[in-house]
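Have a look at coords.pdb; it's PDB, C-alpha atoms and all ligand atoms:
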ATOM      1  CA  MET A 144      19.484   2.987  -6.866
ATOM      2  CA  ASN A 145      20.093  -0.723  -6.603
ATOM      3  CA  THR A 146      17.449  -3.135  -5.321
ATOM      4  CA  TYR A 147      18.723  -3.056  -1.733
ATOM      5  CA  GLU A 148      18.618   0.744  -1.690
ATOM      6  CA  ILE A 149      15.111   0.796  -3.186
ATOM      7  CA  ILE A 150      13.894  -1.629  -0.503
ATOM      8  CA  THR A 151      15.562   0.144   2.411
ATOM      9  CA  ASN A 152      14.684   3.688   1.297
ATOM     10  CA  ARG A 153      11.010   2.887   0.659
ATOM     11  CA  ARG A 154       8.570   4.446   3.089
ATOM     12  CA  THR A 155       4.805   4.412   2.944
ATOM     13  CA  ILE A 156       3.536   7.484   1.094
ATOM     14  CA  ARG A 157       0.250   9.188   1.987
ATOM     15  CA  LYS A 158       0.654  12.461   0.099
ATOM     16  CA  PHE A 159       0.779  12.317  -3.681
ATOM     17  CA  SER A 160       1.195  14.655  -6.636
ATOM     18  CA  GLN A 161      -1.747  14.711  -9.019
ATOM     19  CA  THR A 162       0.297  13.468 -12.005
ATOM     20  CA  PRO A 163      -1.663  10.549 -13.489
ATOM     21  CA  ILE A 164      -0.265   7.015 -13.704
ATOM     22  CA  SER A 165      -1.006   5.090 -16.894
ATOM     23  CA  ASP A 166      -2.898   1.794 -16.827
ATOM     24  CA  GLU A 167       0.144   0.338 -18.532
ATOM     25  CA  LEU A 168       2.337   1.142 -15.506
ATOM     26  CA  LEU A 169      -0.269  -0.249 -13.090
ATOM     27  CA  ARG A 170      -0.370  -3.435 -15.160
ATOM     28  CA  LYS A 171       3.419  -3.602 -14.853
ATOM     29  CA  TYR A 172       3.149  -3.591 -11.027
ATOM     30  CA  ILE A 173       0.469  -6.278 -11.143
ATOM     31  CA  ASN A 174       2.791  -8.282 -13.345
ATOM     32  CA  ALA A 175       5.422  -7.986 -10.585
ATOM     33  CA  ALA A 176       2.778  -9.291  -8.141
ATOM     34  CA  ARG A 177       1.838 -12.086 -10.529
ATOM     35  CA  LEU A 178       5.363 -13.500 -10.331
ATOM     36  CA  ALA A 179       5.657 -13.417  -6.524
ATOM     37  CA  PRO A 180       6.133 -16.613  -4.518
ATOM     38  CA  SER A 181       2.850 -18.477  -3.932
ATOM     39  CA  ALA A 182       2.181 -21.348  -1.510
ATOM     40  CA  ALA A 183       1.992 -24.597  -3.523
ATOM     41  CA  ASN A 184       2.014 -22.248  -6.544
ATOM     42  CA  ARG A 185      -1.788 -22.058  -6.323
ATOM     43  CA  GLN A 186      -1.823 -18.326  -7.272
ATOM     44  CA  PRO A 187      -5.238 -17.488  -5.815
ATOM     45  CA  LEU A 188      -4.851 -13.704  -6.099
ATOM     46  CA  LYS A 189      -6.594 -11.421  -8.581
ATOM     47  CA  TYR A 190      -6.332  -7.655  -8.987
ATOM     48  CA  LYS A 191      -8.514  -4.744  -9.979
ATOM     49  CA  ILE A 192      -7.134  -1.471 -11.319
ATOM     50  CA  ILE A 193      -8.947   1.650 -10.123
ATOM     51  CA  ASN A 194      -7.618   4.515 -12.180
ATOM     52  CA  ASN A 195     -10.537   6.866 -12.745
ATOM     53  CA  LYS A 196     -11.060   9.948 -10.631
ATOM     54  CA  SER A 197     -14.647   9.309  -9.599
ATOM     55  CA  LEU A 198     -14.089   5.732  -8.403
ATOM     56  CA  VAL A 199     -10.847   6.726  -6.644
ATOM     57  CA  SER A 200     -12.826   9.471  -4.824
ATOM     58  CA  GLU A 201     -15.500   6.970  -3.799
ATOM     59  CA  ILE A 202     -12.918   4.513  -2.447
ATOM     60  CA  LEU A 203     -11.216   7.308  -0.511
ATOM     61  CA  LYS A 204     -14.366   7.599   1.621
ATOM     62  CA  SER A 205     -13.797   4.020   2.800
ATOM     63  CA  VAL A 206     -10.114   4.104   3.829
ATOM     64  CA  LYS A 207      -8.354   5.218   6.992
ATOM     65  CA  TRP A 208      -4.969   6.945   6.830
ATOM     66  CA  ALA A 209      -2.153   6.811   9.388
ATOM     67  CA  ASN A 210      -4.120   5.811  12.467
ATOM     68  CA  TYR A 211      -1.436   6.869  15.016
ATOM     69  CA  ILE A 212      -1.569  10.496  13.915
ATOM     70  CA  SER A 213      -5.118  10.725  12.574
ATOM     71  CA  PRO A 214      -6.298  13.071  11.138
ATOM     72  CA  ASP A 215      -2.820  14.633  10.603
ATOM     73  CA  GLY A 216      -1.803  11.912   8.156
ATOM     74  CA  ASN A 217      -4.787  12.424   5.863
ATOM     75  CA  PRO A 218      -3.889  13.691   2.396
ATOM     76  CA  SER A 219      -5.536  16.982   1.487
ATOM     77  CA  LYS A 220      -7.709  17.131  -1.628
ATOM     78  CA  ASP A 221      -4.720  17.922  -3.878
ATOM     79  CA  GLU A 222      -2.548  15.220  -2.283
ATOM     80  CA  GLU A 223      -4.848  12.257  -2.763
ATOM     81  CA  PRO A 224      -3.661   9.085  -4.526
ATOM     82  CA  VAL A 225      -4.444   8.995  -8.242
ATOM     83  CA  ALA A 226      -5.021   5.251  -8.394
ATOM     84  CA  PHE A 227      -5.656   2.133  -6.347
ATOM     85  CA  ILE A 228      -4.933  -1.499  -6.998
ATOM     86  CA  ALA A 229      -7.367  -3.772  -5.160
ATOM     87  CA  VAL A 230      -5.950  -7.158  -4.166
ATOM     88  CA  LEU A 231      -8.530  -9.947  -4.279
ATOM     89  CA  ALA A 232      -8.631 -13.638  -3.446
ATOM     90  CA  ASP A 233     -10.344 -15.950  -5.889
ATOM     91  CA  MET A 234     -12.167 -18.318  -3.551
ATOM     92  CA  SER A 235     -12.920 -20.675  -6.422
ATOM     93  CA  ILE A 236      -9.149 -21.381  -6.427
ATOM     94  CA  GLN A 237      -8.546 -21.341  -2.653
ATOM     95  CA  LYS A 238     -10.994 -20.889   0.250
ATOM     96  CA  ASP A 239      -8.680 -19.294   2.858
ATOM     97  CA  GLY A 240      -5.069 -18.816   3.956
ATOM     98  CA  TYR A 241      -4.059 -16.132   1.455
ATOM     99  CA  GLU A 242      -2.130 -13.878   3.847
ATOM    100  CA  ALA A 243       1.392 -15.002   2.957
ATOM    101  CA  ASP A 244       0.658 -14.900  -0.778
ATOM    102  CA  MET A 245      -0.857 -11.436  -0.375
ATOM    103  CA  GLY A 246       2.190 -10.164   1.534
ATOM    104  CA  ALA A 247       4.619 -11.374  -1.112
ATOM    105  CA  ALA A 248       2.493 -10.054  -3.981
ATOM    106  CA  VAL A 249       1.866  -6.622  -2.477
ATOM    107  CA  GLN A 250       5.517  -6.190  -1.579
ATOM    108  CA  ASN A 251       6.566  -7.067  -5.151
ATOM    109  CA  MET A 252       4.035  -4.536  -6.418
ATOM    110  CA  ILE A 253       5.149  -1.665  -4.191
ATOM    111  CA  ILE A 254       8.850  -2.277  -4.733
ATOM    112  CA  ALA A 255       8.356  -2.350  -8.513
ATOM    113  CA  ALA A 256       6.449   0.954  -8.232
ATOM    114  CA  GLU A 257       9.115   2.396  -5.944
ATOM    115  CA  ALA A 258      11.736   1.628  -8.592
ATOM    116  CA  ASP A 259       9.752   3.960 -10.901
ATOM    117  CA  GLU A 260       9.590   6.569  -8.094
ATOM    118  CA  ILE A 261       5.900   5.919  -7.545
ATOM    119  CA  GLY A 262       4.880   5.947  -3.888
ATOM    120  CA  SER A 263       2.288   3.686  -2.346
ATOM    121  CA  CYS A 264       0.295   2.948   0.781
ATOM    122  CA  TRP A 265      -0.770  -0.612   1.555
ATOM    123  CA  MET A 266      -4.189  -0.253   3.154
ATOM    124  CA  GLY A 267      -5.932  -2.785   5.369
ATOM    125  CA  ALA A 268      -7.946  -0.402   7.569
ATOM    126  CA  ILE A 269     -10.667  -0.145   4.979
ATOM    127  CA  ASN A 270     -14.410  -0.602   4.822
ATOM    128  CA  TYR A 271     -14.414  -4.014   3.115
ATOM    129  CA  SER A 272     -18.139  -4.226   2.456
ATOM    130  CA  GLU A 273     -18.366  -0.687   1.000
ATOM    131  CA  ILE A 274     -15.385  -1.178  -1.328
ATOM    132  CA  THR A 275     -16.612  -4.636  -2.358
ATOM    133  CA  LYS A 276     -19.925  -2.998  -3.365
ATOM    134  CA  LEU A 277     -18.191  -0.142  -5.198
ATOM    135  CA  LEU A 278     -16.069  -2.577  -7.186
ATOM    136  CA  ASN A 279     -19.072  -4.702  -8.033
ATOM    137  CA  LEU A 280     -17.107  -7.845  -7.238
ATOM    138  CA  PRO A 281     -18.542 -11.244  -8.121
ATOM    139  CA  GLN A 282     -19.205 -13.659  -5.217
ATOM    140  CA  ASN A 283     -16.001 -15.632  -5.698
ATOM    141  CA  LEU A 284     -13.693 -12.605  -5.335
ATOM    142  CA  LYS A 285     -12.892 -11.544  -1.772
ATOM    143  CA  LEU A 286     -11.317  -8.145  -1.146
ATOM    144  CA  LEU A 287      -8.028  -8.494   0.800
ATOM    145  CA  CYS A 288      -6.612  -4.959   0.705
ATOM    146  CA  VAL A 289      -6.108  -1.937  -1.507
ATOM    147  CA  VAL A 290      -2.845  -0.233  -2.443
ATOM    148  CA  ALA A 291      -2.989   3.536  -2.986
ATOM    149  CA  MET A 292      -0.576   4.828  -5.599
ATOM    150  CA  GLY A 293       0.788   8.073  -6.966
ATOM    151  CA  TYR A 294       3.962  10.057  -7.507
ATOM    152  CA  LYS A 295       5.335  11.142  -4.142
ATOM    153  CA  ALA A 296       4.587  14.490  -2.516
ATOM    154  CA  GLU A 297       6.200  13.763   0.853
ATOM    155  CA  ASN A 298       9.462  12.336   2.123
ATOM    156  CA  PRO A 299       8.943  10.276   5.277
ATOM    157  CA  ARG A 300      12.076   9.047   6.992
ATOM    158  CA  GLU A 301      13.137   6.123   9.135
ATOM    159  CA  CYS A 302      14.181   6.901  12.728
ATOM    160  CA  PRO A 303      15.241   4.703  15.687
ATOM    161  CA  VAL A 304      12.669   3.163  18.045
ATOM    162  CA  GLU A 305      13.058   4.791  21.455
ATOM    163  CA  ASN A 306      11.529   3.371  24.668
ATOM    164  CA  ASN A 307       9.899   0.671  22.576
ATOM    165  CA  ASN A 308       7.629   3.300  20.972
ATOM    166  CA  ILE A 309       6.842   2.233  17.415
ATOM    167  CA  LYS A 310       4.299   4.970  16.683
ATOM    168  CA  TYR A 311       5.199   7.127  13.716
ATOM    169  CA  TYR A 312       4.979  10.881  14.245
ATOM    170  CA  LYS A 313       5.414  14.179  12.454
ATOM    171  CA  ASP A 314       8.442  16.227  13.566
ATOM    172  CA  LYS A 315       8.450  20.013  13.916
ATOM    173  CA  ASN A 316       9.044  20.372  10.174
ATOM    174  CA  GLY A 317       6.005  18.232   9.389
ATOM    175  CA  VAL A 318       8.149  15.309   8.203
ATOM    176  CA  LEU A 319       6.736  11.873   9.016
ATOM    177  CA  ASN A 320       9.239   9.899  11.122
ATOM    178  CA  VAL A 321       8.800   6.123  11.108
ATOM    179  CA  PRO A 322      10.507   4.317  14.015
ATOM    180  CA  LYS A 323      12.199   1.080  13.000
ATOM    181  CA  ARG A 324      13.720  -1.395  15.442
ATOM    182  CA  SER A 325      17.527  -1.677  15.162
ATOM    183  CA  LEU A 326      19.264  -4.639  13.576
ATOM    184  CA  ASP A 327      20.798  -5.615  16.935
ATOM    185  CA  ASP A 328      17.308  -5.643  18.468
ATOM    186  CA  ILE A 329      15.857  -8.036  15.940
ATOM    187  CA  ILE A 330      18.679 -10.537  15.466
ATOM    188  CA  VAL A 331      18.298 -13.009  18.326
TER     189      VAL A 331
HETATM  190  C1  LIG A 401      -1.105  -5.133   6.210
HETATM  191  C2  LIG A 401      -0.884  -3.643   6.248
HETATM  192  C3  LIG A 401      -1.977  -2.799   6.358
HETATM  193  C4  LIG A 401      -1.795  -1.424   6.374
HETATM  194  N1  LIG A 401      -2.911  -0.627   6.424
HETATM  195  C5  LIG A 401      -2.756   0.718   6.421
HETATM  196  C6  LIG A 401      -3.907   1.557   6.411
HETATM  197  O1  LIG A 401      -5.041   1.100   6.378
HETATM  198  N2  LIG A 401      -3.713   2.901   6.409
HETATM  199  C7  LIG A 401      -2.466   3.465   6.401
HETATM  200  O2  LIG A 401      -2.361   4.694   6.384
HETATM  201  N3  LIG A 401      -1.334   2.683   6.391
HETATM  202  C8  LIG A 401      -1.452   1.335   6.398
HETATM  203  N4  LIG A 401      -0.339   0.523   6.358
HETATM  204  C9  LIG A 401       0.997   1.134   6.300
HETATM  205  C10 LIG A 401       1.733   1.037   7.654
HETATM  206  O3  LIG A 401       1.215   2.007   8.531
HETATM  207  C11 LIG A 401       3.253   1.301   7.415
HETATM  208  O4  LIG A 401       3.746   0.255   6.596
HETATM  209  C12 LIG A 401       4.032   1.346   8.721
HETATM  210  O5  LIG A 401       3.683   2.476   9.462
HETATM  211  C13 LIG A 401       5.536   1.361   8.480
HETATM  212  O6  LIG A 401       5.889   2.419   7.619
HETATM  213  P1  LIG A 401       6.732   2.178   6.304
HETATM  214  O7  LIG A 401       5.875   1.399   5.348
HETATM  215  O8  LIG A 401       7.040   3.564   5.806
HETATM  216  O9  LIG A 401       7.968   1.411   6.663
HETATM  217  C14 LIG A 401      -0.479  -0.861   6.326
HETATM  218  C15 LIG A 401       0.610  -1.728   6.204
HETATM  219  C16 LIG A 401       0.420  -3.092   6.160
HETATM  220  C17 LIG A 401       1.626  -4.002   6.018
END
Let me see the structure of the file written as structure tokens.
Amino acid sequence: MNTYEIITNRRTIRKFSQTPISDELLRKYINAARLAPSAANRQPLKYKIINNKSLVSEILKSVKWANYISPDGNPSKDEEPVAFIAVLADMSIQKDGYEADMGAAVQNMIIAAEADEIGSCWMGAINYSEITKLLNLPQNLKLLCVVAMGYKAENPRECPVENNNIKYYKDKNGVLNVPKRSLDDIIV
């Protein structure tokens, strides 16, 4: 697949195979994040790799999956992500205003993973204080989000938005359908 196809075919994955991902691969995706655009090139973001079963299990208690269809979007025990990458802001570099940097960095990370057929879920509906404690973060590092990762065990698909309803849903075959607004709708 070329880059355009990787970007347009990517869907958020919430069901994963239990095949491990090496730290080396996770470092590769963080390297993709490292080279993302950054406002004034300040590069305030830091990352933490969570790639051991017990810590992954602990973090899983503090995340919320697929709110529109909860609890139907929750992975079962044998579909859980095998790793997380936590995205952090180093407040000793920059005090606030990280959102655009975070968006660019996370997107680089998940597209690089997608190119290796690794699925991911960008997660913001998380218990920030619990995960901050679990990761034992120093004062200067603020948790921004976590990205769940693993080889894919589901195949969500894009579908058209109808009646302005953007809520994703599972069809009768259990496939997650993700409504996306049409090109004509978004070009003004
Ligand atoms: C900032 C942000 C936070 C998100 N947080 C969560 C989350 O906490 N839990 C979850 O299951 N999905 C989360 N998602 C994934 C979105 O639900 C998903 O991107 C959206 O439904 C569109 O699907 P797609 O990524 O397959 O195009 C988040 C996405 C973004 C960009």
task: Mind giving me the straight-line distance from atom CA of Arg154 of chain A to atom CA of Lys196 of chain A in Å, one decimal?
output: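 So the answer is 24.6 Å.
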message: Let me make sure I understand: among A:Ser160, A:Asn152, A:Ser325, A:Ser165, which one has the smallest atom-to-atom distance to ligand LIG 401 (chain A) if we use only C-alpha atoms and all ligand atoms?
response: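 Among A:Ser160, A:Asn152, A:Ser325, A:Ser165, it is A:Asn152 that comes nearest to ligand LIG 401 (chain A).
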field: Expected residue set, 12 Å radius at (-3.4, 7.0, 14.6), only C-alpha atoms, as a VMD selection string
entry: chain A and resid 207 to 217 268 309 to 313
- request: List the neighbours of Ala255 of chain A out to 8 Å using only C-alpha atoms; skip same-chain residues closer than 3 positions along the sequence, and give me the result as JSON, numbers by chain.
  value: {"A": [172, 175, 251, 252, 258, 259]}
Residue subset to file, keeping C-alpha atoms, as a PDB file, in the coordinates of the input:
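Produced file out-v9.pdb, reproduced below:
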ATOM      1  CA  TYR A 172       3.149  -3.591 -11.027  1.00  0.00           C
ATOM      2  CA  ALA A 175       5.422  -7.986 -10.585  1.00  0.00           C
ATOM      3  CA  ASN A 251       6.566  -7.067  -5.151  1.00  0.00           C
ATOM      4  CA  MET A 252       4.035  -4.536  -6.418  1.00  0.00           C
ATOM      5  CA  ALA A 258      11.736   1.628  -8.592  1.00  0.00           C
ATOM      6  CA  ASP A 259       9.752   3.960 -10.901  1.00  0.00           C
TER       7      ASP A 259
END
message: Suppose a student applies the PyMOL selection byres (((chain A and resi 199-203) around 8) and not hetatm) to this structure; what residues should they get, written as a list in words?
response: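 That selection, the PyMOL selection byres (((chain A and resi 199-203) around 8) and not hetatm), comes back as Ile193, Asn194, Asn195, Lys196, Ser197, Leu198, Lys204, Ser205, Val206, Pro224, Val225, Ala226, Phe227, Ile274 and Leu277 of chain A.
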Take every atom of ligand LIG 401 (chain A) listed in the file, pad by 3 Å on each side, and give me the axis-aligned box centre and edge lengths in Å, one decimal, as lines of an AutoDock Vina configuration file.
center_x = 1.5
center_y = -0.2
center_z = 7.4
size_x = 19.0
size_y = 15.8
size_z = 10.1
message: I'd like the neighbourhood of Leu169 of chain A as number ranges by chain, where a residue qualifies if any of its atoms comes within 8 Å (using all atoms listed in the file), though same-chain residues fewer than 5 positions away should be ignored.
response: A: 164, 192, 228
Grab the residues selected above and save them as a PDB file, in the frame of the given file with C-alpha atoms.
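Below is the file out_28.pdb, written as the result:
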ATOM      1  CA  ILE A 164      -0.265   7.015 -13.704  1.00  0.00           C
ATOM      2  CA  ILE A 192      -7.134  -1.471 -11.319  1.00  0.00           C
ATOM      3  CA  ILE A 228      -4.933  -1.499  -6.998  1.00  0.00           C
TER       4      ILE A 228
END
- request: Could you state which residues are captured by the PyMOL selection byres (((chain A and resi 229-246) around 7) and not hetatm) in this file, as a PyMOL selection string?
  value: chain A and resi 180-182+187-192+227-228+247-250+283-290
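You can rank A:Thr155, A:Lys315, A:Ile330, A:Ala256 by their closest distance to Glu297 of chain A using only C-alpha atoms, and at the top of that list sits A:Thr155.
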field: Pick from A:Asp221, A:Glu305, A:Asp328, A:Glu260, whichever lies nearest to Met292 of chain A using only C-alpha atoms
entry: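 Residue with the minimum atom-to-atom distance to Met292 of chain A: A:Glu260.
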task: Could you check which of A:Asn306, A:Glu301, A:Tyr294, A:Phe159 is closest to Pro322 of chain A, using only C-alpha atoms?
output: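 Once distances to Pro322 of chain A are computed over only C-alpha atoms, the minimum belongs to A:Glu301.
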- prompt: What does the distance from atom CA of Pro299 of chain A to atom CA of Asn145 of chain A come to in Å, to one decimal?
  reply: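 Separating atom CA of Pro299 of chain A from atom CA of Asn145 of chain A is a distance of 19.7 Å.
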